[in-house]
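Participant: target04.cif is reproduced in full below (mmCIF, C-alpha atoms).
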```cif
data_input
loop_
_atom_site.group_PDB
_atom_site.id
_atom_site.type_symbol
_atom_site.label_atom_id
_atom_site.label_comp_id
_atom_site.auth_asym_id
_atom_site.auth_seq_id
_atom_site.Cartn_x
_atom_site.Cartn_y
_atom_site.Cartn_z
ATOM 1 C CA MET P 1 123.536 38.207 -3.579
ATOM 2 C CA GLU P 2 124.282 40.255 -6.688
ATOM 3 C CA LYS P 3 122.423 43.522 -7.055
ATOM 4 C CA ILE P 4 122.074 46.073 -9.819
ATOM 5 C CA PRO P 5 122.762 49.546 -8.403
ATOM 6 C CA ILE P 6 120.152 52.273 -8.806
ATOM 7 C CA LEU P 7 121.481 55.853 -8.667
ATOM 8 C CA LYS P 8 119.284 58.762 -7.632
ATOM 9 C CA MET P 9 119.999 62.018 -9.422
ATOM 10 C CA GLY P 10 117.543 64.774 -8.607
ATOM 11 C CA GLY P 11 114.121 63.615 -9.697
ATOM 12 C CA TYR P 12 115.578 60.804 -11.799
ATOM 13 C CA LEU P 13 116.714 57.269 -11.171
ATOM 14 C CA LEU P 14 119.576 55.910 -13.242
ATOM 15 C CA VAL P 15 120.261 52.230 -13.813
ATOM 16 C CA THR P 16 123.161 50.860 -15.821
ATOM 17 C CA ILE P 17 123.025 47.127 -16.330
ATOM 18 C CA GLN P 18 126.636 45.950 -16.598
ATOM 19 C CA VAL P 19 126.272 42.299 -15.667
ATOM 20 C CA ASP P 20 124.750 39.235 -17.268
ATOM 21 C CA LEU P 21 121.128 39.286 -16.274
ATOM 22 C CA TYR P 22 119.487 36.174 -15.007
ATOM 23 C CA ASP P 23 115.832 35.987 -14.100
ATOM 24 C CA ARG P 24 116.096 36.500 -10.327
ATOM 25 C CA LEU P 25 118.346 39.527 -10.784
ATOM 26 C CA ALA P 26 115.915 41.102 -13.257
ATOM 27 C CA LEU P 27 112.967 40.505 -10.921
ATOM 28 C CA ASN P 28 114.880 42.104 -8.032
ATOM 29 C CA LEU P 29 115.668 45.123 -10.191
ATOM 30 C CA GLU P 30 111.963 45.464 -10.976
ATOM 31 C CA SER P 31 110.915 45.534 -7.319
ATOM 32 C CA ASP P 32 113.906 47.686 -6.222
ATOM 33 C CA LEU P 33 113.083 50.276 -8.871
ATOM 34 C CA VAL P 34 109.419 50.452 -7.953
ATOM 35 C CA ASN P 35 110.369 50.887 -4.290
ATOM 36 C CA MET P 36 112.880 53.623 -5.131
ATOM 37 C CA ILE P 37 110.345 55.512 -7.278
ATOM 38 C CA ASN P 38 107.959 55.447 -4.358
ATOM 39 C CA LYS P 39 110.596 56.391 -1.764
ATOM 40 C CA HIS P 40 112.067 59.345 -3.688
ATOM 41 C CA SER P 41 108.934 60.373 -5.633
ATOM 42 C CA SER P 42 111.038 60.073 -8.774
ATOM 43 C CA LYS P 43 109.577 61.351 -12.012
ATOM 44 C CA GLY P 44 111.854 59.613 -14.458
ATOM 45 C CA VAL P 45 113.729 56.325 -14.791
ATOM 46 C CA LEU P 46 116.589 55.833 -17.226
ATOM 47 C CA ILE P 47 117.772 52.294 -17.899
ATOM 48 C CA ASP P 48 121.008 51.884 -19.851
ATOM 49 C CA ILE P 49 121.280 48.463 -21.507
ATOM 50 C CA SER P 50 124.242 49.219 -23.781
ATOM 51 C CA ALA P 51 126.294 46.501 -22.058
ATOM 52 C CA VAL P 52 123.523 43.903 -22.317
ATOM 53 C CA ASN P 53 124.228 41.317 -25.018
ATOM 54 C CA ILE P 54 120.916 39.521 -24.998
ATOM 55 C CA VAL P 55 117.358 40.469 -24.133
ATOM 56 C CA ASP P 56 115.063 37.459 -24.300
ATOM 57 C CA SER P 57 111.304 37.300 -23.756
ATOM 58 C CA PHE P 58 111.646 37.300 -19.967
ATOM 59 C CA MET P 59 113.953 40.303 -19.818
ATOM 60 C CA GLY P 60 111.754 42.052 -22.385
ATOM 61 C CA ARG P 61 108.726 41.419 -20.228
ATOM 62 C CA ILE P 62 110.528 42.830 -17.174
ATOM 63 C CA LEU P 63 111.431 46.015 -19.102
ATOM 64 C CA GLY P 64 107.776 46.352 -20.149
ATOM 65 C CA ASN P 65 106.639 45.748 -16.573
ATOM 66 C CA ILE P 66 108.999 48.404 -15.208
ATOM 67 C CA ALA P 67 107.674 50.918 -17.737
ATOM 68 C CA GLN P 68 104.056 50.154 -16.846
ATOM 69 C CA MET P 69 104.607 50.075 -13.087
ATOM 70 C CA SER P 70 106.473 53.376 -13.100
ATOM 71 C CA LYS P 71 103.723 54.885 -15.240
ATOM 72 C CA ILE P 72 101.152 54.003 -12.589
ATOM 73 C CA LEU P 73 103.463 55.644 -10.036
ATOM 74 C CA ASP P 74 103.571 58.776 -12.220
ATOM 75 C CA ALA P 75 107.111 58.292 -13.525
ATOM 76 C CA HIS P 76 108.381 57.908 -17.089
ATOM 77 C CA THR P 77 110.816 55.174 -18.140
ATOM 78 C CA VAL P 78 113.287 55.385 -20.990
ATOM 79 C CA VAL P 79 115.450 52.440 -22.066
ATOM 80 C CA VAL P 80 118.639 53.571 -23.772
ATOM 81 C CA GLY P 81 121.602 52.136 -25.654
ATOM 82 C CA MET P 82 120.116 48.944 -27.034
ATOM 83 C CA GLN P 83 122.603 47.183 -29.315
ATOM 84 C CA PRO P 84 121.387 46.879 -32.936
ATOM 85 C CA ALA P 85 121.721 43.071 -32.865
ATOM 86 C CA VAL P 86 119.548 42.970 -29.745
ATOM 87 C CA ALA P 87 116.880 45.125 -31.429
ATOM 88 C CA ILE P 88 116.778 42.844 -34.495
ATOM 89 C CA THR P 89 116.606 39.740 -32.317
ATOM 90 C CA LEU P 90 113.787 41.148 -30.177
ATOM 91 C CA ILE P 91 111.601 41.820 -33.216
ATOM 92 C CA GLU P 92 112.262 38.372 -34.714
ATOM 93 C CA LEU P 93 111.513 36.842 -31.360
ATOM 94 C CA GLY P 94 108.123 38.578 -31.542
ATOM 95 C CA LEU P 95 108.593 41.144 -28.792
ATOM 96 C CA PRO P 96 108.167 44.689 -30.083
ATOM 97 C CA LEU P 97 108.543 46.236 -26.576
ATOM 98 C CA SER P 98 105.548 48.445 -27.239
ATOM 99 C CA GLY P 99 104.903 50.856 -24.403
ATOM 100 C CA VAL P 100 108.596 51.219 -23.593
ATOM 101 C CA HIS P 101 110.195 54.524 -24.571
ATOM 102 C CA THR P 102 113.674 54.169 -26.039
ATOM 103 C CA ALA P 103 116.543 56.454 -26.965
ATOM 104 C CA LEU P 104 119.879 55.822 -28.645
ATOM 105 C CA ASN P 105 122.088 56.868 -25.750
ATOM 106 C CA VAL P 106 122.028 58.222 -22.193
ATOM 107 C CA GLU P 107 122.225 61.828 -23.338
ATOM 108 C CA LYS P 108 119.261 61.549 -25.714
ATOM 109 C CA GLY P 109 117.390 59.547 -23.101
ATOM 110 C CA MET P 110 117.761 62.327 -20.538
ATOM 111 C CA VAL P 111 116.517 64.887 -23.075
ATOM 112 C CA LEU P 112 113.504 62.666 -23.796
ATOM 113 C CA LEU P 113 112.752 62.319 -20.079
ATOM 114 C CA GLN P 114 112.997 66.074 -19.546
ATOM 115 C CA GLU P 115 110.661 66.686 -22.484
ATOM 116 C CA LYS P 116 108.182 64.224 -21.046
ATOM 117 C CA LEU P 117 108.262 65.965 -17.670
ATOM 118 C CA LEU P 118 107.784 69.361 -19.311
ATOM 119 C CA GLY P 119 104.908 67.818 -21.270
ATOM 120 C CA ASP P 120 103.288 66.724 -18.008
ATOM 121 C CA ASP P 121 103.581 70.246 -16.589
ATOM 122 C CA THR P 122 102.036 71.822 -19.667
ATOM 123 C CA VAL P 123 99.077 69.456 -19.455
ATOM 124 C CA ILE P 124 98.477 70.481 -15.841
ATOM 125 C CA THR P 125 98.607 74.245 -16.582
ATOM 126 C CA ASP P 126 96.389 73.718 -19.626
ATOM 127 C CA ASP P 127 93.779 72.057 -17.456
ATOM 128 C CA THR P 128 93.707 74.941 -14.964
ATOM 129 C CA ASP P 129 93.500 77.398 -17.838
ATOM 130 C CA ASP P 130 90.466 75.593 -19.184
ATOM 131 C CA ASN P 131 88.736 75.640 -15.837
ATOM 132 C CA THR P 132 89.184 79.366 -15.228
ATOM 133 C CA MET J 1 126.532 16.649 -40.240
ATOM 134 C CA ILE J 2 129.887 16.047 -38.522
ATOM 135 C CA THR J 3 130.522 16.986 -34.895
ATOM 136 C CA LEU J 4 133.884 18.654 -34.300
ATOM 137 C CA ASN J 5 133.626 19.430 -30.601
ATOM 138 C CA LYS J 6 131.200 18.296 -27.921
ATOM 139 C CA GLU J 7 130.496 19.267 -24.340
ATOM 140 C CA ILE J 8 127.667 18.490 -21.933
ATOM 141 C CA ILE J 9 126.514 21.184 -19.520
ATOM 142 C CA VAL J 10 124.213 20.274 -16.653
ATOM 143 C CA ILE J 11 121.568 22.851 -15.719
ATOM 144 C CA LYS J 12 120.200 22.642 -12.184
ATOM 145 C CA LYS J 13 119.781 26.227 -11.032
ATOM 146 C CA GLU J 14 119.359 29.723 -12.423
ATOM 147 C CA GLN J 15 123.009 30.684 -12.029
ATOM 148 C CA ASP J 16 123.973 27.759 -14.286
ATOM 149 C CA VAL J 17 122.245 29.690 -17.060
ATOM 150 C CA VAL J 18 124.855 32.464 -16.937
ATOM 151 C CA PHE J 19 127.690 29.917 -17.143
ATOM 152 C CA PHE J 20 125.913 28.118 -19.984
ATOM 153 C CA ARG J 21 125.373 31.331 -21.965
ATOM 154 C CA ASN J 22 129.040 32.272 -21.540
ATOM 155 C CA ARG J 23 130.079 28.838 -22.809
ATOM 156 C CA VAL J 24 127.878 29.164 -25.905
ATOM 157 C CA ASN J 25 129.331 32.636 -26.417
ATOM 158 C CA GLU J 26 132.860 31.189 -26.327
ATOM 159 C CA TYR J 27 131.922 28.521 -28.863
ATOM 160 C CA ALA J 28 130.382 31.137 -31.152
ATOM 161 C CA GLU J 29 133.536 33.222 -30.953
ATOM 162 C CA LYS J 30 135.705 30.173 -31.581
ATOM 163 C CA ILE J 31 134.051 29.621 -34.968
ATOM 164 C CA LYS J 32 133.953 33.398 -35.607
ATOM 165 C CA MET J 33 130.179 33.612 -35.792
ATOM 166 C CA GLY J 34 128.949 37.123 -36.577
ATOM 167 C CA LEU J 35 127.490 39.341 -33.839
ATOM 168 C CA LEU J 36 123.892 39.191 -35.080
ATOM 169 C CA ASN J 37 123.845 35.404 -35.495
ATOM 170 C CA LYS J 38 125.520 35.028 -32.108
ATOM 171 C CA THR J 39 122.925 37.262 -30.463
ATOM 172 C CA LYS J 40 120.106 35.264 -32.075
ATOM 173 C CA LEU J 41 121.642 31.939 -30.987
ATOM 174 C CA LEU J 42 122.205 33.137 -27.412
ATOM 175 C CA THR J 43 118.677 34.516 -27.172
ATOM 176 C CA ALA J 44 117.136 31.273 -28.473
ATOM 177 C CA ALA J 45 119.332 29.302 -26.057
ATOM 178 C CA SER J 46 118.239 31.528 -23.189
ATOM 179 C CA GLU J 47 114.554 30.898 -23.982
ATOM 180 C CA LEU J 48 114.994 27.130 -24.167
ATOM 181 C CA VAL J 49 117.110 26.805 -21.049
ATOM 182 C CA ARG J 50 114.511 28.794 -19.108
ATOM 183 C CA ASN J 51 111.748 26.462 -20.349
ATOM 184 C CA MET J 52 113.810 23.544 -19.122
ATOM 185 C CA LEU J 53 114.273 25.067 -15.648
ATOM 186 C CA ILE J 54 110.633 26.114 -15.280
ATOM 187 C CA TYR J 55 108.891 22.997 -16.554
ATOM 188 C CA ALA J 56 111.404 20.212 -15.866
ATOM 189 C CA LYS J 57 113.358 21.819 -12.943
ATOM 190 C CA GLU J 58 116.644 20.550 -14.405
ATOM 191 C CA GLY J 59 118.232 19.076 -17.466
ATOM 192 C CA LYS J 60 121.337 19.082 -19.623
ATOM 193 C CA VAL J 61 122.506 20.734 -22.785
ATOM 194 C CA ILE J 62 124.816 19.178 -25.350
ATOM 195 C CA CYS J 63 126.884 21.892 -27.042
ATOM 196 C CA GLU J 64 128.476 20.940 -30.334
ATOM 197 C CA ILE J 65 130.378 22.608 -33.104
ATOM 198 C CA VAL J 66 129.056 20.970 -36.259
ATOM 199 C CA THR J 67 129.957 21.160 -39.915
ATOM 200 C CA ILE J 68 128.348 20.093 -43.185
ATOM 201 C CA SER J 69 131.004 21.350 -45.566
ATOM 202 C CA ALA J 70 134.325 23.129 -45.566
ATOM 203 C CA LEU J 71 132.378 26.372 -45.869
ATOM 204 C CA GLN J 72 129.568 25.885 -43.392
ATOM 205 C CA THR J 73 130.119 25.392 -39.689
ATOM 206 C CA GLY J 74 127.708 26.120 -36.917
ATOM 207 C CA ILE J 75 126.668 25.402 -33.372
ATOM 208 C CA ARG J 76 124.133 22.791 -32.363
ATOM 209 C CA LEU J 77 122.590 22.873 -28.905
ATOM 210 C CA THR J 78 120.467 19.978 -27.690
ATOM 211 C CA PHE J 79 118.344 20.569 -24.593
ATOM 212 C CA ILE J 80 117.370 17.344 -22.863
ATOM 213 C CA ASP J 81 115.103 17.074 -19.840
ATOM 214 C CA ASN J 82 113.036 14.412 -18.091
ATOM 215 C CA GLY J 83 110.220 16.796 -17.272
ATOM 216 C CA PRO J 84 106.476 16.484 -17.822
ATOM 217 C CA GLY J 85 106.732 16.748 -21.609
ATOM 218 C CA ILE J 86 104.557 18.839 -23.904
ATOM 219 C CA ALA J 87 100.938 17.722 -24.295
ATOM 220 C CA ASP J 88 100.204 19.549 -27.538
ATOM 221 C CA ILE J 89 103.298 20.443 -29.571
ATOM 222 C CA ASP J 90 101.334 22.314 -32.256
ATOM 223 C CA LYS J 91 99.789 24.537 -29.620
ATOM 224 C CA ALA J 92 103.134 25.019 -27.848
ATOM 225 C CA MET J 93 104.614 26.259 -31.133
ATOM 226 C CA THR J 94 101.904 28.934 -31.465
ATOM 227 C CA ASP J 95 102.771 32.536 -30.563
ATOM 228 C CA GLY J 96 101.162 33.593 -27.317
ATOM 229 C CA TYR J 97 100.239 30.111 -26.072
ATOM 230 C CA THR J 98 101.530 29.252 -22.602
ATOM 231 C CA THR J 99 100.675 26.907 -19.776
ATOM 232 C CA GLY J 100 102.788 29.036 -17.443
ATOM 233 C CA LYS J 101 102.836 32.752 -16.749
ATOM 234 C CA SER J 102 105.114 33.822 -19.598
ATOM 235 C CA LEU J 103 104.327 35.609 -22.860
ATOM 236 C CA GLY J 104 104.266 32.318 -24.780
ATOM 237 C CA LEU J 105 107.014 33.412 -27.156
ATOM 238 C CA GLY J 106 109.797 31.061 -26.059
ATOM 239 C CA LEU J 107 109.412 28.087 -28.403
ATOM 240 C CA PRO J 108 108.056 29.803 -31.546
ATOM 241 C CA GLY J 109 110.452 32.732 -31.000
ATOM 242 C CA ALA J 110 113.457 30.435 -30.603
ATOM 243 C CA LYS J 111 112.480 28.641 -33.807
ATOM 244 C CA ARG J 112 112.462 31.917 -35.747
ATOM 245 C CA LEU J 113 115.950 32.778 -34.480
ATOM 246 C CA VAL J 114 117.783 29.617 -35.594
ATOM 247 C CA ASN J 115 118.343 27.671 -38.830
ATOM 248 C CA ILE J 116 117.284 24.200 -37.711
ATOM 249 C CA PHE J 117 114.775 23.559 -34.939
ATOM 250 C CA ASP J 118 113.744 20.084 -33.870
ATOM 251 C CA LEU J 119 111.380 19.359 -30.985
ATOM 252 C CA LYS J 120 110.551 15.925 -29.635
ATOM 253 C CA SER J 121 108.454 15.375 -26.561
ATOM 254 C CA VAL J 122 106.785 12.427 -24.879
ATOM 255 C CA LYS J 123 104.192 13.283 -22.256
ATOM 256 C CA GLY J 124 105.414 12.186 -18.838
ATOM 257 C CA LYS J 125 108.867 11.280 -20.151
ATOM 258 C CA GLY J 126 110.534 14.511 -21.158
ATOM 259 C CA THR J 127 111.420 16.900 -23.931
ATOM 260 C CA THR J 128 114.361 17.205 -26.306
ATOM 261 C CA VAL J 129 114.854 20.363 -28.329
ATOM 262 C CA SER J 130 117.706 20.668 -30.780
ATOM 263 C CA ILE J 131 118.683 23.963 -32.432
ATOM 264 C CA THR J 132 121.401 24.659 -34.986
ATOM 265 C CA LYS J 133 122.696 28.073 -36.010
ATOM 266 C CA TRP J 134 125.108 28.385 -38.940
ATOM 267 C CA LYS J 135 128.016 30.761 -38.792
ATOM 268 C CA ASN J 136 126.802 32.418 -42.018
ATOM 269 C CA GLY J 137 123.100 32.417 -42.686
#
```
What would the structure in this file look like if it were written as C-alpha cells?
Facilitator:
Amino acid sequence: MEKIPILKMGGYLLVTIQVDLYDRLALNLESDLVNMINKHSSKGVLIDISAVNIVDSFMGRILGNIAQMSKILDAHTVVVGMQPAVAITLIELGLPLSGVHTALNVEKGMVLLQEKLLGDDTVITDDTDDNT
Amino acid sequence: MITLNKEIIVIKKEQDVVFFRNRVNEYAEKIKMGLLNKTKLLTAASELVRNMLIYAKEGKVICEIVTISALQTGIRLTFIDNGPGIADIDKAMTDGYTTGKSLGLGLPGAKRLVNIFDLKSVKGKGTTVSITKWKNG
C-alpha cells in the first residue's frame, strides 16, 4: 500500500505530495495527519503540493477537511506551492478553497505558520492581561 | 469532427484512475496542448471518472484525438457506464446538488472546464458523458 510520508520537525508536520493522488491515498493522508497531530501535539501542518498536477473537487475537499480538522485540534494548516494552472482550474471548477491558508512556497509557508503561532500566543497573554 | 487516434480504457478500480489520467496526459502532450488547458482537461476527466466509479462501479472511457480543421485539434473523452443513470439531469448539472456525499461540483464543474460537454442518461440503463477540449481555446 502506497503511503504519503509525514515528517515531524519540532512542533510542525511537513507533508510533500510527490505522487499522483487517488482518492484512497488522499483519505489515508487525512487520517494519518490527524493522528500525527494528536500524537505529537503539533501546532502547525505544512502541505507542499508543488508536484501535484491536478486538484479536483475531491482532493480540494480533503485539503479543506485537513485544515478544519487540524483547527479543531489546535493546529494551523498551510498549503504551499500550488501551480498557477491548478489555481485557475480550482476556481473555474467552483472550489475557492476558503478556509485553507496558502503560501507561494515552503519558506513563505513556514513564516506564515510561525506568525500564526505567535499570534496565538499574543491572544493568550492579552486575555490574562485583561483579567488582571 | 474527424478522429485521428482512438483507445478504449476500462475503469474497474481506483488505481485504474491513475493509469487513465497518465494516458490522457500523454495524449495532451502528443498534440502539444498547453499546460492550463491540459490541467483543465485532466481535472474534468478526474471528476467524471470518479462519478463513474462511485455511481456505476465500473465503466469505460474512449480517448480520442479529434480534429475539425488543420488548425484545431483536441481531445475527446467519452465516459460510458451501465450504472443507475441520472434521474434529473437539470438538477445534476446544478452547482451543489448531489445524491452522494460529495460537494456536488463534479458535473457542472467539469462542464465549465471543457469546450464541448454532452451528457446522455437513461434511468436504469446508464450514462454517457462526452467532453472535448481543444488544444487552443
Participant: Have a look at P:Gln68, P:Gln83, P:Gln114, P:Ile47 and name the one nearest to P:Gly10; count all atoms listed in the file.
Facilitator: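 Of all the options, P:Gln114 lies closest to P:Gly10.
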Participant: Within 12 Å of chain J, which residues of chain P come that close, and what is the closest atom pair and distance in Å for each? Count all atoms listed in the file and give it as a Markdown table.
Facilitator:
```
| residue | atom | partner | partner_atom | distance |
| --- | --- | --- | --- | --- |
| P:Met1 | CA | J:Gln15 | CA | 11.3 |
| P:Glu2 | CA | J:Gln15 | CA | 11.0 |
| P:Val19 | CA | J:Val18 | CA | 10.0 |
| P:Asp20 | CA | J:Val18 | CA | 6.8 |
| P:Leu21 | CA | J:Val18 | CA | 7.8 |
| P:Tyr22 | CA | J:Val18 | CA | 6.8 |
| P:Asp23 | CA | J:Glu14 | CA | 7.4 |
| P:Arg24 | CA | J:Glu14 | CA | 7.8 |
| P:Leu25 | CA | J:Glu14 | CA | 10.0 |
| P:Ala26 | CA | J:Glu14 | CA | 11.9 |
| P:Val52 | CA | J:Thr39 | CA | 10.5 |
| P:Asn53 | CA | J:Thr39 | CA | 6.9 |
| P:Ile54 | CA | J:Thr43 | CA | 5.9 |
| P:Val55 | CA | J:Thr43 | CA | 6.8 |
| P:Asp56 | CA | J:Thr43 | CA | 5.5 |
| P:Ser57 | CA | J:Leu105 | CA | 6.7 |
| P:Phe58 | CA | J:Ser102 | CA | 7.4 |
| P:Met59 | CA | J:Glu47 | CA | 10.3 |
| P:Gly60 | CA | J:Leu103 | CA | 9.8 |
| P:Arg61 | CA | J:Leu103 | CA | 7.7 |
| P:Ile62 | CA | J:Ser102 | CA | 10.8 |
| P:Gly64 | CA | J:Leu103 | CA | 11.6 |
| P:Gln83 | CA | J:Leu36 | CA | 9.9 |
| P:Pro84 | CA | J:Leu36 | CA | 8.4 |
| P:Ala85 | CA | J:Leu36 | CA | 5.0 |
| P:Val86 | CA | J:Thr39 | CA | 6.7 |
| P:Ala87 | CA | J:Leu36 | CA | 9.9 |
| P:Ile88 | CA | J:Leu36 | CA | 8.0 |
| P:Thr89 | CA | J:Lys40 | CA | 5.7 |
| P:Leu90 | CA | J:Thr43 | CA | 8.8 |
| P:Ile91 | CA | J:Gly109 | CA | 9.4 |
| P:Glu92 | CA | J:Arg112 | CA | 6.5 |
| P:Leu93 | CA | J:Gly109 | CA | 4.3 |
| P:Gly94 | CA | J:Gly109 | CA | 6.3 |
| P:Leu95 | CA | J:Leu105 | CA | 8.1 |
| P:Pro96 | CA | J:Leu105 | CA | 11.7 |
```
Participant: Can you list, as a list in words, the residues that the PyMOL selection byres ((chain P and resi 7) around 12) selects here?
Facilitator: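 Written out, the selection comes to Ile4, Pro5, Ile6, Lys8, Met9, Gly10, Gly11, Tyr12, Leu13, Leu14, Val15, Thr16, Ile17, Asp32, Leu33, Met36, Ile37, His40, Ser42, Gly44, Val45, Leu46, Ile47 and Asp48 of chain P.
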Participant: Can you spit out the residues from that selection as a PDB file, keeping the file's coordinate frame, using C-alpha atoms?
Facilitator:
```pdb
ATOM      1  CA  ILE P   4     122.074  46.073  -9.819  1.00  0.00           C
ATOM      2  CA  PRO P   5     122.762  49.546  -8.403  1.00  0.00           C
ATOM      3  CA  ILE P   6     120.152  52.273  -8.806  1.00  0.00           C
ATOM      4  CA  LYS P   8     119.284  58.762  -7.632  1.00  0.00           C
ATOM      5  CA  MET P   9     119.999  62.018  -9.422  1.00  0.00           C
ATOM      6  CA  GLY P  10     117.543  64.774  -8.607  1.00  0.00           C
ATOM      7  CA  GLY P  11     114.121  63.615  -9.697  1.00  0.00           C
ATOM      8  CA  TYR P  12     115.578  60.804 -11.799  1.00  0.00           C
ATOM      9  CA  LEU P  13     116.714  57.269 -11.171  1.00  0.00           C
ATOM     10  CA  LEU P  14     119.576  55.910 -13.242  1.00  0.00           C
ATOM     11  CA  VAL P  15     120.261  52.230 -13.813  1.00  0.00           C
ATOM     12  CA  THR P  16     123.161  50.860 -15.821  1.00  0.00           C
ATOM     13  CA  ILE P  17     123.025  47.127 -16.330  1.00  0.00           C
ATOM     14  CA  ASP P  32     113.906  47.686  -6.222  1.00  0.00           C
ATOM     15  CA  LEU P  33     113.083  50.276  -8.871  1.00  0.00           C
ATOM     16  CA  MET P  36     112.880  53.623  -5.131  1.00  0.00           C
ATOM     17  CA  ILE P  37     110.345  55.512  -7.278  1.00  0.00           C
ATOM     18  CA  HIS P  40     112.067  59.345  -3.688  1.00  0.00           C
ATOM     19  CA  SER P  42     111.038  60.073  -8.774  1.00  0.00           C
ATOM     20  CA  GLY P  44     111.854  59.613 -14.458  1.00  0.00           C
ATOM     21  CA  VAL P  45     113.729  56.325 -14.791  1.00  0.00           C
ATOM     22  CA  LEU P  46     116.589  55.833 -17.226  1.00  0.00           C
ATOM     23  CA  ILE P  47     117.772  52.294 -17.899  1.00  0.00           C
ATOM     24  CA  ASP P  48     121.008  51.884 -19.851  1.00  0.00           C
TER      25      ASP P  48
END
```
Participant: What does the structure give for the distance between atom CA of J:Asn25 and atom CA of J:Thr132, in Å to one decimal?
Facilitator: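 One can read the atom CA of J:Asn25 to atom CA of J:Thr132 distance as 14.1 Å.
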Participant: Applying 6 Å and only C-alpha atoms, which residues near J:Gly74 remain after dropping the ones on its own chain fewer than 3 positions away? List them as a list in words.
Facilitator: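 Counting only the stated atoms, we get Ile65, Val66, Lys133, Trp134 and Lys135 of chain J.
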Participant: Output C-alpha atoms of each residue in that selection to a file, as a short mmCIF file (atom, residue, chain, number, x, y, z; two decimals), in the coordinates of the input.
Facilitator:
```
data_model
loop_
_atom_site.label_atom_id
_atom_site.label_comp_id
_atom_site.auth_asym_id
_atom_site.auth_seq_id
_atom_site.Cartn_x
_atom_site.Cartn_y
_atom_site.Cartn_z
CA ILE J 65 130.38 22.61 -33.10
CA VAL J 66 129.06 20.97 -36.26
CA LYS J 133 122.70 28.07 -36.01
CA TRP J 134 125.11 28.38 -38.94
CA LYS J 135 128.02 30.76 -38.79
#
```
Participant: Between atom CA of J:Ala87 and atom CA of J:Lys123, what is the distance in Å, rounded to a tenth?
Facilitator: 5.9 Å
Participant: What does the distance between atom CA of P:Asn105 and atom CA of P:Lys39 come to in Å, to one decimal place?
Facilitator: 26.6 Å
Participant: Which protein, DNA or RNA residues have an atom at most 6 Å from (113.4, 23.9, -32.2), counting all atoms listed in the file? List them as an MDAnalysis selection string.
Facilitator: chainID J and resid 111 117:119 129:131
Participant: Given the file shown, enumerate the residues that the PyMOL selection byres ((chain J and resi 64) around 8) captures and present them as a compact mmCIF listing (two decimals) with C-alpha atoms, keeping the file's coordinate frame.
Facilitator:
```txt
# COMPACT_ATOMS: atom_id res chain seq x y z
CA THR J 3 130.52 16.99 -34.90
CA LEU J 4 133.88 18.65 -34.30
CA ASN J 5 133.63 19.43 -30.60
CA LYS J 6 131.20 18.30 -27.92
CA GLU J 7 130.50 19.27 -24.34
CA ILE J 62 124.82 19.18 -25.35
CA CYS J 63 126.88 21.89 -27.04
CA ILE J 65 130.38 22.61 -33.10
CA VAL J 66 129.06 20.97 -36.26
CA ILE J 75 126.67 25.40 -33.37
CA ARG J 76 124.13 22.79 -32.36
CA LEU J 77 122.59 22.87 -28.90
```
Participant: Set the distance at 10 Å and use only C-alpha atoms: which residues neighbour J:Thr128 once local chain neighbours fewer than 6 positions away are removed? I'd like the list as an NGL selection string.
Facilitator: :J and (52 or 59-61 or 78-83 or 85 or 118-122)
